[in-house]
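One structure is given here, and the rest of the page talks about it.
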Amino acid sequence: MYAVFKRELFGLLNSMMAYITIGIFLLASGLLFWVFPQTSVLDYGYAELTGFFELLPFLFIFMVPAITMRSFAEERREGTFVLLATRPLTDWQILSGKYFSCLALVLLALIPTLLCYFTVYHLALPTGNVDSGAIAGSYVGLLLLGGVFAAIGIFTSSLARNQVVAFAVAVFICFFLFSGLDALSGIFGLRALEGLLLGLSVSEHYRSLSRGVLDTRDLVYFITVAAFFLGMTRLVLGGRKW
Amino acid sequence: MSIKVSNLTKVYGSQRAVDGVSFSAEPGRVLGFLGPNGAGKSTTMKMLTTYLRPDGGNAWICGLDVRQQAVAVRRKIGYLPEHTPLYTEMYVREFLGFVAAAYGLHGRRTLVDDVVERVGLQDEAHKKIQLLSKGYRQRVGLAQAIIHDPEVLVLDEPTSGLDPNQLAGIRELIRKLGSEKTVILSTHVMQEVEALCDDVVMVSRGRVVADDSLSGLKSEHEGLPLEAIFRKLTAC
């Protein structure tokens with residue numbers, strides 16, 4: 001599995017794609033954090049990152065599928081999957097190698113955003129008067145969110161031959177799970193299902209982590225959703241329709 | 001008996017791509033797997049290499065069951081797929097190092113150097129695969145199939161698209177490998193069968209129509225050239 005992980009990670013790091021994706025992500029989050037007056041911490045007046053962490057998932061909805069879209073779609077188009085499938089590796093090893101390499105890249109993209117934390121830390125009065133617990137919780141939430149989105153992206157990538165299709169479908173599923181279920185629960189006619197829809201909604205669990213409360217229910221939720229999509233991917237791979 | 005195939009079947013929809021194929025192959029001999037396009041050669045090879053799961057029948061590689069012991073089978077087998085798919089964005093050495101790592105081999109640097117020399121890639125080993133010509137890509141394909149010193153080699157059209165000089169080089173290599181290992185190769189070129197193969201298995205529309213040694217097949221058909229035998233046995 002490590003061999004696949006390493007090859008995939010180096011493959012991502014050697015492609016312009018990954019740098020452009022991460023670059024755009026950092027640029028967008030930087031603009032939101034420092035420049036755009038509606039969301040900028042400088043105009044906000046309070047030394048906290050809540051607003052910032054409410055916006056990052058929306059950037060994730062685009063960034064993570066952009067990283068994962070090539071993983072299986074490209075193998076499929078080039079016919080190279082046979083190179084992996086006939087090595088002494090199980091489908092799970094191939095799958096997890098690819099999944100964790102994408103996740104490592106997501107982690108890499110998140111590291112520079114710590115700068116925002118240091119900014120706020122030093123802007124606070126007195127210095128250091130920030131809710132570090134909530135921020136740590138938000139980072140754990142973002143990472144888990146990245147894990148779920150990466151699983152979705154890998155899954156759509158295994159279904160599509162075309163990377164753009166894989167990207168678009170993944171963005172939609174991520175968006176639907178994150179915001180769609182939330183919004184649906186607000187529909188008057190679906191009031192009876194409100195609890196269920198909110199329970200399934202990614203954003204609900206993400207919000208709960210952002211408060212700095214590491215609840216096992218949220219952890220179980222994120223891991224279950226990611227495992228579900230990876231399991232579906234395993235089924236697609238096992239079918240070998242390509 | 002290092003390859004044993006018994007009643008192997010693969011069904012795509014209503015079409016039986018491989019329909020009850022049985023044959024066997026021994027070490028130290030090269031088996032030519034012949035048949036017209038669409039006869040089921042590649043599908044059979046994909047099942048032997050555990051890429052596809054058989055719908056019926058079974059195959060054993062060195063006594064290991066391709067259904068139940070797929071991962072163990074993969075260690076025994078070296079496979080050059082049709083059209084030679086490769087990670088073209090990687091460097092030759094990098095790619096071969098990755099393959100060695102996927103087999104969990106140690107001393108990878110020497111292994112890669114060794115295999116690069118055996119397939120004659122020394123001058124191209126520092127290049128990216130996408131910059132290589134067809135003949136050299138084919139050699140990279142062969143290198144990734146033999147790097148773990150497998151007992152069984154499955155080569156799907158190893159010489160398609162090569163010029164006569166490259167052809168001679170690759171054939172020489174296959175002959176050398178065939179002297180100690182079990183090699184099964186598919187091809188359309190009849191001279192190649194004459195030049196390389198000891199045994200011949202001919203398939204047509206998913207079924208075996210001939211399974212004999214090359215000399216046996218020829219004497220059975222009273223000295224007809226191989227091409228005529230091929231057309232006689234596989235014509236629809």
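Note on naming: chains are A, B, ... as they come in the structure tokens, residues start from 1 per chain, ligands start from 1 in the order shown.
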
Which residues come within 12 Å of Asn37 in chain B, counting only C-alpha atoms, excluding same-chain residues fewer than 4 positions away, as a JSON list (two decimals) with all heavy atoms, in the first residue's frame?
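Done, and the output landed in around_29.json:
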```json
[["chain", "number", "residue", "atom", "x", "y", "z"],
["B", 17, "ALA", "N", -17.26, -14.85, -24.38],
["B", 17, "ALA", "CA", -15.97, -14.41, -24.92],
["B", 17, "ALA", "C", -14.95, -15.54, -24.83],
["B", 17, "ALA", "O", -14.12, -15.73, -25.73],
["B", 17, "ALA", "CB", -15.49, -13.19, -24.16],
["B", 33, "PHE", "N", -0.09, -18.47, -28.19],
["B", 33, "PHE", "CA", -1.54, -18.46, -28.02],
["B", 33, "PHE", "C", -2.11, -17.70, -29.21],
["B", 33, "PHE", "O", -1.99, -16.47, -29.28],
["B", 33, "PHE", "CB", -1.84, -17.77, -26.69],
["B", 33, "PHE", "CG", -3.21, -18.07, -26.14],
["B", 33, "PHE", "CD1", -3.70, -19.36, -26.10],
["B", 33, "PHE", "CD2", -3.99, -17.05, -25.63],
["B", 33, "PHE", "CE1", -4.94, -19.63, -25.57],
["B", 33, "PHE", "CE2", -5.23, -17.31, -25.10],
["B", 33, "PHE", "CZ", -5.71, -18.60, -25.07],
["B", 41, "LYS", "N", -8.38, -14.29, -26.73],
["B", 41, "LYS", "CA", -7.01, -14.46, -26.24],
["B", 41, "LYS", "C", -6.72, -13.54, -25.05],
["B", 41, "LYS", "O", -6.27, -14.00, -24.00],
["B", 41, "LYS", "CB", -5.98, -14.12, -27.35],
["B", 41, "LYS", "CG", -6.08, -14.97, -28.57],
["B", 41, "LYS", "CD", -4.95, -14.66, -29.52],
["B", 41, "LYS", "CE", -4.90, -13.23, -30.02],
["B", 41, "LYS", "NZ", -5.90, -12.88, -31.02],
["B", 42, "SER", "N", -6.98, -12.25, -25.25],
["B", 42, "SER", "CA", -6.67, -11.29, -24.19],
["B", 42, "SER", "C", -7.51, -11.55, -22.94],
["B", 42, "SER", "O", -7.02, -11.44, -21.82],
["B", 42, "SER", "CB", -6.90, -9.86, -24.67],
["B", 42, "SER", "OG", -5.95, -9.54, -25.64],
["B", 43, "THR", "N", -8.77, -11.89, -23.15],
["B", 43, "THR", "CA", -9.64, -12.17, -22.00],
["B", 43, "THR", "C", -9.11, -13.35, -21.20],
["B", 43, "THR", "O", -9.07, -13.31, -19.97],
["B", 43, "THR", "CB", -11.07, -12.45, -22.50],
["B", 43, "THR", "OG1", -11.46, -11.39, -23.36],
["B", 43, "THR", "CG2", -12.03, -12.56, -21.35],
["B", 157, "GLU", "N", 0.66, -9.91, -27.06],
["B", 157, "GLU", "CA", 1.19, -9.25, -28.25],
["B", 157, "GLU", "C", 2.44, -8.43, -27.94],
["B", 157, "GLU", "O", 2.44, -7.20, -28.08],
["B", 157, "GLU", "CB", 0.12, -8.38, -28.91],
["B", 157, "GLU", "CG", -1.09, -9.22, -29.26],
["B", 157, "GLU", "CD", -2.03, -8.53, -30.24],
["B", 157, "GLU", "OE1", -1.67, -7.47, -30.77],
["B", 157, "GLU", "OE2", -3.12, -9.07, -30.47],
["B", 186, "SER", "N", 0.79, -14.18, -26.97],
["B", 186, "SER", "CA", -0.20, -14.16, -28.05],
["B", 186, "SER", "C", 0.37, -13.31, -29.17],
["B", 186, "SER", "O", 1.13, -12.38, -28.94],
["B", 186, "SER", "CB", -1.50, -13.55, -27.55],
["B", 186, "SER", "OG", -1.37, -12.16, -27.37],
["B", 187, "THR", "N", 0.01, -13.66, -30.39],
["B", 187, "THR", "CA", 0.51, -12.91, -31.54],
["B", 187, "THR", "C", -0.35, -13.20, -32.75],
["B", 187, "THR", "O", -1.10, -14.17, -32.79],
["B", 187, "THR", "CB", 1.98, -13.26, -31.84],
["B", 187, "THR", "OG1", 2.38, -12.55, -33.00],
["B", 187, "THR", "CG2", 2.16, -14.74, -32.07],
["B", 188, "HIS", "N", -0.24, -12.32, -33.75],
["B", 188, "HIS", "CA", -0.89, -12.56, -35.03],
["B", 188, "HIS", "C", 0.12, -12.97, -36.07],
["B", 188, "HIS", "O", -0.23, -13.33, -37.18],
["B", 188, "HIS", "CB", -1.57, -11.28, -35.53],
["B", 188, "HIS", "CG", -2.75, -10.89, -34.74],
["B", 188, "HIS", "ND1", -3.86, -11.68, -34.66],
["B", 188, "HIS", "CD2", -2.98, -9.81, -33.97],
["B", 188, "HIS", "CE1", -4.74, -11.08, -33.88],
["B", 188, "HIS", "NE2", -4.23, -9.96, -33.45],
["B", 202, "MET", "N", -4.47, -22.82, -30.37],
["B", 202, "MET", "CA", -5.22, -21.93, -31.24],
["B", 202, "MET", "C", -6.65, -21.83, -30.73],
["B", 202, "MET", "O", -7.27, -22.85, -30.41],
["B", 202, "MET", "CB", -5.21, -22.49, -32.66],
["B", 202, "MET", "CG", -4.58, -21.54, -33.66],
["B", 202, "MET", "SD", -4.61, -22.22, -35.30],
["B", 202, "MET", "CE", -2.88, -22.46, -35.61],
["B", 203, "VAL", "N", -7.15, -20.60, -30.65],
["B", 203, "VAL", "CA", -8.54, -20.43, -30.23],
["B", 203, "VAL", "C", -9.31, -19.69, -31.31],
["B", 203, "VAL", "O", -8.75, -18.89, -32.06],
["B", 203, "VAL", "CB", -8.67, -19.63, -28.90],
["B", 203, "VAL", "CG1", -8.25, -20.47, -27.73],
["B", 203, "VAL", "CG2", -7.90, -18.34, -28.95],
["B", 204, "SER", "N", -10.58, -20.00, -31.39],
["B", 204, "SER", "CA", -11.45, -19.31, -32.31],
["B", 204, "SER", "C", -12.82, -19.19, -31.67],
["B", 204, "SER", "O", -13.35, -20.17, -31.17],
["B", 204, "SER", "CB", -11.54, -20.09, -33.62],
["B", 204, "SER", "OG", -12.44, -19.45, -34.48],
["B", 205, "ARG", "N", -13.36, -18.02, -31.64],
["B", 205, "ARG", "CA", -14.66, -17.73, -31.01],
["B", 205, "ARG", "C", -14.76, -18.35, -29.61],
["B", 205, "ARG", "O", -15.74, -19.01, -29.29],
["B", 205, "ARG", "CB", -15.79, -18.20, -31.92],
["B", 205, "ARG", "CG", -15.91, -17.25, -33.11],
["B", 205, "ARG", "CD", -17.13, -17.51, -33.90],
["B", 205, "ARG", "NE", -16.90, -18.56, -34.88],
["B", 205, "ARG", "CZ", -17.84, -19.01, -35.69],
["B", 205, "ARG", "NH1", -19.06, -18.53, -35.62],
["B", 205, "ARG", "NH2", -17.57, -19.94, -36.57],
["B", 206, "GLY", "N", -13.72, -18.15, -28.84],
["B", 206, "GLY", "CA", -13.77, -18.57, -27.45],
["B", 206, "GLY", "C", -13.47, -20.04, -27.19],
["B", 206, "GLY", "O", -13.47, -20.48, -26.05],
["B", 234, "THR", "N", -9.43, -21.54, -38.11],
["B", 234, "THR", "CA", -10.16, -20.44, -37.47],
["B", 234, "THR", "C", -11.13, -19.73, -38.40],
["B", 234, "THR", "O", -11.80, -18.79, -37.98],
["B", 234, "THR", "CB", -9.19, -19.39, -36.90],
["B", 234, "THR", "OG1", -8.43, -18.86, -37.97],
["B", 234, "THR", "CG2", -8.28, -19.99, -35.86],
["B", 235, "ALA", "N", -11.20, -20.15, -39.67],
["B", 235, "ALA", "CA", -12.13, -19.47, -40.59],
["B", 235, "ALA", "C", -13.55, -19.73, -40.16],
["B", 235, "ALA", "O", -13.87, -20.81, -39.65],
["B", 235, "ALA", "CB", -11.91, -19.97, -42.01]]
```

- Message: Taking 2 positions as the minimum chain separation for residues in the same chain, which residues sit within 12 Å of Val66 in chain B when counting only C-alpha atoms? Answer as a PyMOL selection string.
- Response: (chain A and resi 86) or (chain B and resi 3-6+8+44-54+56-64+68-77)

- So which residues touch Phe98 in chain B within 10 Å, counting only C-alpha atoms, skipping near sequence neighbours fewer than 2 positions away, as a PyMOL selection string? (chain A and resi 3-4+6-7) or (chain B and resi 90+92-96+100-104+108+112+144)

- Query: Which residues come within 12 Å of range 193-202 of chain A, counting only C-alpha atoms, excluding same-chain residues fewer than 6 positions away, as JSON, numbers by chain?
  - Reply: {"A": [57, 61, 141, 142, 144, 145, 146, 147, 148, 149, 173, 174, 175, 176, 177, 178, 179, 180, 181, 182, 183, 184, 185, 186, 187, 208, 209, 217, 218, 219, 220, 221, 222, 223, 224, 225, 226]}

Could you please take those selected residues and save N, CA, C and O atoms as a CSV table (one decimal), in the first residue's frame?
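Generated file (result05.csv):
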```
chain,number,residue,atom,x,y,z
A,57,PRO,N,-15.4,25.3,4.3
A,57,PRO,CA,-16.0,24.1,3.6
A,57,PRO,C,-16.4,24.3,2.2
A,57,PRO,O,-16.3,23.4,1.4
A,61,ILE,N,-15.4,22.2,-1.0
A,61,ILE,CA,-16.3,21.5,-1.9
A,61,ILE,C,-15.7,21.5,-3.4
A,61,ILE,O,-15.9,20.6,-4.1
A,141,GLY,N,-12.4,19.1,12.4
A,141,GLY,CA,-13.6,19.1,11.6
A,141,GLY,C,-13.3,19.2,10.1
A,141,GLY,O,-13.8,18.4,9.3
A,142,LEU,N,-12.4,20.1,9.8
A,142,LEU,CA,-12.0,20.3,8.4
A,142,LEU,C,-11.3,19.1,7.8
A,142,LEU,O,-11.6,18.7,6.7
A,144,LEU,N,-11.7,16.0,8.8
A,144,LEU,CA,-12.7,15.0,8.6
A,144,LEU,C,-13.6,15.3,7.4
A,144,LEU,O,-13.9,14.4,6.7
A,145,LEU,N,-13.9,16.5,7.3
A,145,LEU,CA,-14.6,17.0,6.1
A,145,LEU,C,-13.9,16.6,4.8
A,145,LEU,O,-14.4,16.1,3.9
A,146,GLY,N,-12.6,16.9,4.9
A,146,GLY,CA,-11.7,16.6,3.7
A,146,GLY,C,-11.7,15.1,3.5
A,146,GLY,O,-11.8,14.6,2.3
A,147,GLY,N,-11.8,14.3,4.6
A,147,GLY,CA,-11.8,12.8,4.4
A,147,GLY,C,-13.1,12.4,3.7
A,147,GLY,O,-13.0,11.5,2.9
A,148,VAL,N,-14.2,13.0,4.1
A,148,VAL,CA,-15.5,12.6,3.5
A,148,VAL,C,-15.5,13.0,2.0
A,148,VAL,O,-15.8,12.3,1.1
A,149,PHE,N,-15.1,14.3,1.8
A,149,PHE,CA,-15.1,14.8,0.4
A,149,PHE,C,-14.1,14.0,-0.5
A,149,PHE,O,-14.4,13.7,-1.6
A,173,ILE,N,-22.3,16.1,-5.2
A,173,ILE,CA,-22.6,15.3,-4.1
A,173,ILE,C,-22.1,15.9,-2.8
A,173,ILE,O,-22.8,15.9,-1.7
A,174,CYS,N,-20.9,16.5,-2.8
A,174,CYS,CA,-20.3,17.2,-1.6
A,174,CYS,C,-21.3,18.3,-1.2
A,174,CYS,O,-21.6,18.5,0.0
A,175,PHE,N,-21.7,19.1,-2.2
A,175,PHE,CA,-22.5,20.3,-1.9
A,175,PHE,C,-23.9,19.8,-1.3
A,175,PHE,O,-24.4,20.3,-0.4
A,176,PHE,N,-24.4,18.8,-1.9
A,176,PHE,CA,-25.7,18.3,-1.5
A,176,PHE,C,-25.6,17.8,0.0
A,176,PHE,O,-26.5,18.1,0.8
A,177,LEU,N,-24.6,17.0,0.2
A,177,LEU,CA,-24.5,16.5,1.6
A,177,LEU,C,-24.2,17.6,2.6
A,177,LEU,O,-24.6,17.5,3.7
A,178,PHE,N,-23.5,18.6,2.2
A,178,PHE,CA,-23.1,19.6,3.1
A,178,PHE,C,-24.2,20.6,3.3
A,178,PHE,O,-24.6,20.9,4.4
A,179,SER,N,-24.7,21.2,2.2
A,179,SER,CA,-25.8,22.2,2.3
A,179,SER,C,-27.1,21.7,2.0
A,179,SER,O,-28.1,22.2,2.6
A,180,GLY,N,-27.2,20.8,1.1
A,180,GLY,CA,-28.5,20.4,0.5
A,180,GLY,C,-29.4,19.8,1.6
A,180,GLY,O,-30.6,20.2,1.8
A,181,LEU,N,-28.9,18.9,2.4
A,181,LEU,CA,-29.7,18.2,3.4
A,181,LEU,C,-30.1,19.2,4.5
A,181,LEU,O,-31.3,19.1,4.9
A,182,ASP,N,-29.2,20.1,4.8
A,182,ASP,CA,-29.5,21.2,5.7
A,182,ASP,C,-30.7,22.0,5.3
A,182,ASP,O,-31.6,22.2,6.0
A,183,ALA,N,-30.6,22.4,4.0
A,183,ALA,CA,-31.7,23.2,3.5
A,183,ALA,C,-33.0,22.5,3.4
A,183,ALA,O,-34.1,23.0,3.7
A,184,LEU,N,-32.9,21.2,3.0
A,184,LEU,CA,-34.1,20.4,2.8
A,184,LEU,C,-34.9,20.3,4.1
A,184,LEU,O,-36.1,20.3,4.2
A,185,SER,N,-34.1,20.2,5.2
A,185,SER,CA,-34.7,20.0,6.5
A,185,SER,C,-35.5,21.2,6.9
A,185,SER,O,-36.4,21.2,7.8
A,186,GLY,N,-35.3,22.4,6.2
A,186,GLY,CA,-36.0,23.6,6.5
A,186,GLY,C,-37.3,23.7,5.8
A,186,GLY,O,-38.2,24.5,6.1
A,187,ILE,N,-37.6,22.8,4.8
A,187,ILE,CA,-38.8,22.8,4.1
A,187,ILE,C,-40.0,22.4,5.0
A,187,ILE,O,-39.9,21.4,5.7
A,208,SER,N,-20.9,21.2,14.9
A,208,SER,CA,-20.7,20.7,16.2
A,208,SER,C,-19.3,20.6,16.6
A,208,SER,O,-18.9,20.9,17.7
A,209,LEU,N,-18.4,20.1,15.6
A,209,LEU,CA,-17.0,20.0,15.9
A,209,LEU,C,-16.4,21.4,16.0
A,209,LEU,O,-15.5,21.7,16.8
A,217,ARG,N,-19.9,10.9,18.4
A,217,ARG,CA,-21.0,10.8,17.4
A,217,ARG,C,-20.6,11.4,16.1
A,217,ARG,O,-20.8,10.8,15.0
A,218,ASP,N,-20.0,12.6,16.2
A,218,ASP,CA,-19.6,13.3,15.0
A,218,ASP,C,-18.4,12.5,14.3
A,218,ASP,O,-18.4,12.3,13.1
A,219,LEU,N,-17.5,12.1,15.1
A,219,LEU,CA,-16.4,11.3,14.6
A,219,LEU,C,-16.9,10.0,13.8
A,219,LEU,O,-16.6,9.8,12.7
A,220,VAL,N,-17.8,9.3,14.5
A,220,VAL,CA,-18.4,8.1,13.9
A,220,VAL,C,-19.1,8.5,12.6
A,220,VAL,O,-19.0,7.7,11.6
A,221,TYR,N,-19.8,9.6,12.7
A,221,TYR,CA,-20.5,10.0,11.5
A,221,TYR,C,-19.6,10.2,10.3
A,221,TYR,O,-19.8,9.6,9.2
A,222,PHE,N,-18.5,11.0,10.5
A,222,PHE,CA,-17.6,11.3,9.4
A,222,PHE,C,-16.9,10.0,8.9
A,222,PHE,O,-16.8,9.8,7.7
A,223,ILE,N,-16.5,9.2,9.8
A,223,ILE,CA,-15.8,7.9,9.4
A,223,ILE,C,-16.8,7.0,8.7
A,223,ILE,O,-16.4,6.4,7.7
A,224,THR,N,-18.0,7.0,9.1
A,224,THR,CA,-19.0,6.1,8.5
A,224,THR,C,-19.2,6.5,7.0
A,224,THR,O,-19.3,5.7,6.1
A,225,VAL,N,-19.4,7.9,6.9
A,225,VAL,CA,-19.7,8.4,5.5
A,225,VAL,C,-18.6,8.1,4.6
A,225,VAL,O,-18.7,7.6,3.4
A,226,ALA,N,-17.3,8.4,5.1
A,226,ALA,CA,-16.2,8.1,4.2
A,226,ALA,C,-16.0,6.7,3.9
A,226,ALA,O,-15.8,6.3,2.7
```

- Closest to chain B among A:Leu214, A:Val171, A:Ile67, A:Val82, using only C-alpha atoms?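 Of A:Leu214, A:Val171, A:Ile67, A:Val82, the one nearest chain B, counting only C-alpha atoms, is A:Val82.
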
- Query: When DSSP works through the backbone of this structure, what residues of range 8-218 of chain B end up as strand (DSSP E or B), shown as number ranges by chain?
  - Reply: B: 8-12, 15-25, 30-34, 56-61, 64-65, 77-80, 91, 128, 152-156, 182-186, 199-204, 207-213

- May I have the residues within 10 Å of Glu78 in chain A as a ChimeraX atom specification, using only C-alpha atoms and disregarding those fewer than 5 positions away in the same chain? /A:72-73,161 /B:85-88

- Task: Choose the residue, out of B:Arg16, B:Lys218, B:Arg29, B:Arg118, that has the smallest atom-to-atom separation from Leu153 in chain B; count only C-alpha atoms.
- Result: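 For Leu153 in chain B, the nearest of the given residues is B:Arg29.
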
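Minimum distance to chain B across A:Leu83, A:Val236, A:Leu230, A:Ala66 (counting only C-alpha atoms) occurs at A:Leu83.
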
Quick one: which chain A residues come within 12 Å of chain B, and what is the nearest atom pair for each with the distance in Å to one decimal, counting only C-alpha atoms, rows ordered by chain and ascending number, as CSV?
```
residue,atom,partner,partner_atom,distance
A:Met1,CA,B:Ala102,CA,7.6
A:Tyr2,CA,B:Ala102,CA,8.2
A:Ala3,CA,B:Ala102,CA,5.5
A:Val4,CA,B:Ala102,CA,7.2
A:Phe5,CA,B:Ala102,CA,10.4
A:Lys6,CA,B:Phe98,CA,8.6
A:Arg7,CA,B:Phe98,CA,6.9
A:Glu8,CA,B:Phe98,CA,10.4
A:Phe10,CA,B:Met90,CA,9.7
A:Gly11,CA,B:Met90,CA,8.0
A:Leu12,CA,B:Glu89,CA,11.0
A:Asn14,CA,B:Glu89,CA,9.0
A:Ser15,CA,B:Glu89,CA,9.2
A:Glu74,CA,B:Tyr87,CA,10.1
A:Glu75,CA,B:Tyr87,CA,8.8
A:Arg76,CA,B:Pro85,CA,10.6
A:Arg77,CA,B:Pro85,CA,10.4
A:Glu78,CA,B:Pro85,CA,6.8
A:Gly79,CA,B:Pro85,CA,5.9
A:Thr80,CA,B:Pro85,CA,5.1
A:Phe81,CA,B:Pro85,CA,8.6
A:Val82,CA,B:Tyr51,CA,6.8
A:Leu83,CA,B:Pro85,CA,7.4
A:Leu84,CA,B:Ala102,CA,8.4
A:Ala85,CA,B:Tyr51,CA,6.2
A:Thr86,CA,B:Tyr51,CA,5.9
A:Arg87,CA,B:Arg74,CA,5.6
A:Pro88,CA,B:Val71,CA,4.7
A:Leu89,CA,B:Val71,CA,6.5
A:Thr90,CA,B:Val71,CA,7.1
A:Asp91,CA,B:Val71,CA,10.3
A:Gln93,CA,B:Ala102,CA,10.4
A:Ile94,CA,B:Ala102,CA,10.1
A:Gly97,CA,B:Ala102,CA,11.3
A:Leu237,CA,B:Tyr51,CA,10.8
A:Gly238,CA,B:Leu52,CA,9.1
A:Gly239,CA,B:Leu52,CA,8.9
A:Arg240,CA,B:Leu52,CA,7.0
A:Lys241,CA,B:Leu52,CA,9.5
A:Trp242,CA,B:Leu52,CA,10.1
```

- In terms of the shortest atom-to-atom distance over only C-alpha atoms, which of B:Asp114, B:Asp156, B:Glu172, B:Asp55 is closest to Asn7 in chain B? B:Asp55

- Task: as JSON, numbers by chain, list the residues of range 78-204 of chain A assigned to helix (DSSP H, G or I) by DSSP on the backbone atoms of this structure.
- Result: {"A": [78, 81, 82, 83, 84, 85, 91, 92, 93, 94, 95, 96, 97, 98, 99, 100, 101, 102, 103, 104, 105, 106, 107, 108, 109, 110, 111, 112, 113, 114, 115, 116, 117, 118, 119, 120, 121, 122, 123, 132, 133, 134, 135, 136, 137, 138, 139, 140, 141, 142, 143, 144, 145, 146, 147, 148, 149, 150, 151, 152, 153, 154, 155, 156, 157, 158, 159, 163, 164, 165, 166, 167, 168, 169, 170, 171, 172, 173, 174, 175, 176, 177, 178, 179, 180, 181, 182, 183, 184, 188, 189, 190, 191, 192, 193, 194, 195, 196, 197, 198, 199, 200, 202, 203, 204]}

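Excluding Val115 in chain B itself and any same-chain residue fewer than 5 positions from it, the protein and nucleic acid residues within 8 Å of it, counting only C-alpha atoms, are Ala143, Ile146 and Ile147 of chain B.
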
File dump, residues just selected, C-alpha atoms, as a short mmCIF file (atom, residue, chain, number, x, y, z; two decimals), in the first residue's frame:
```cif
data_model
loop_
_atom_site.label_atom_id
_atom_site.label_comp_id
_atom_site.auth_asym_id
_atom_site.auth_seq_id
_atom_site.Cartn_x
_atom_site.Cartn_y
_atom_site.Cartn_z
CA ALA B 143 11.02 -4.94 -17.74
CA ILE B 146 10.25 -9.61 -15.30
CA ILE B 147 11.61 -7.42 -12.50
#
```
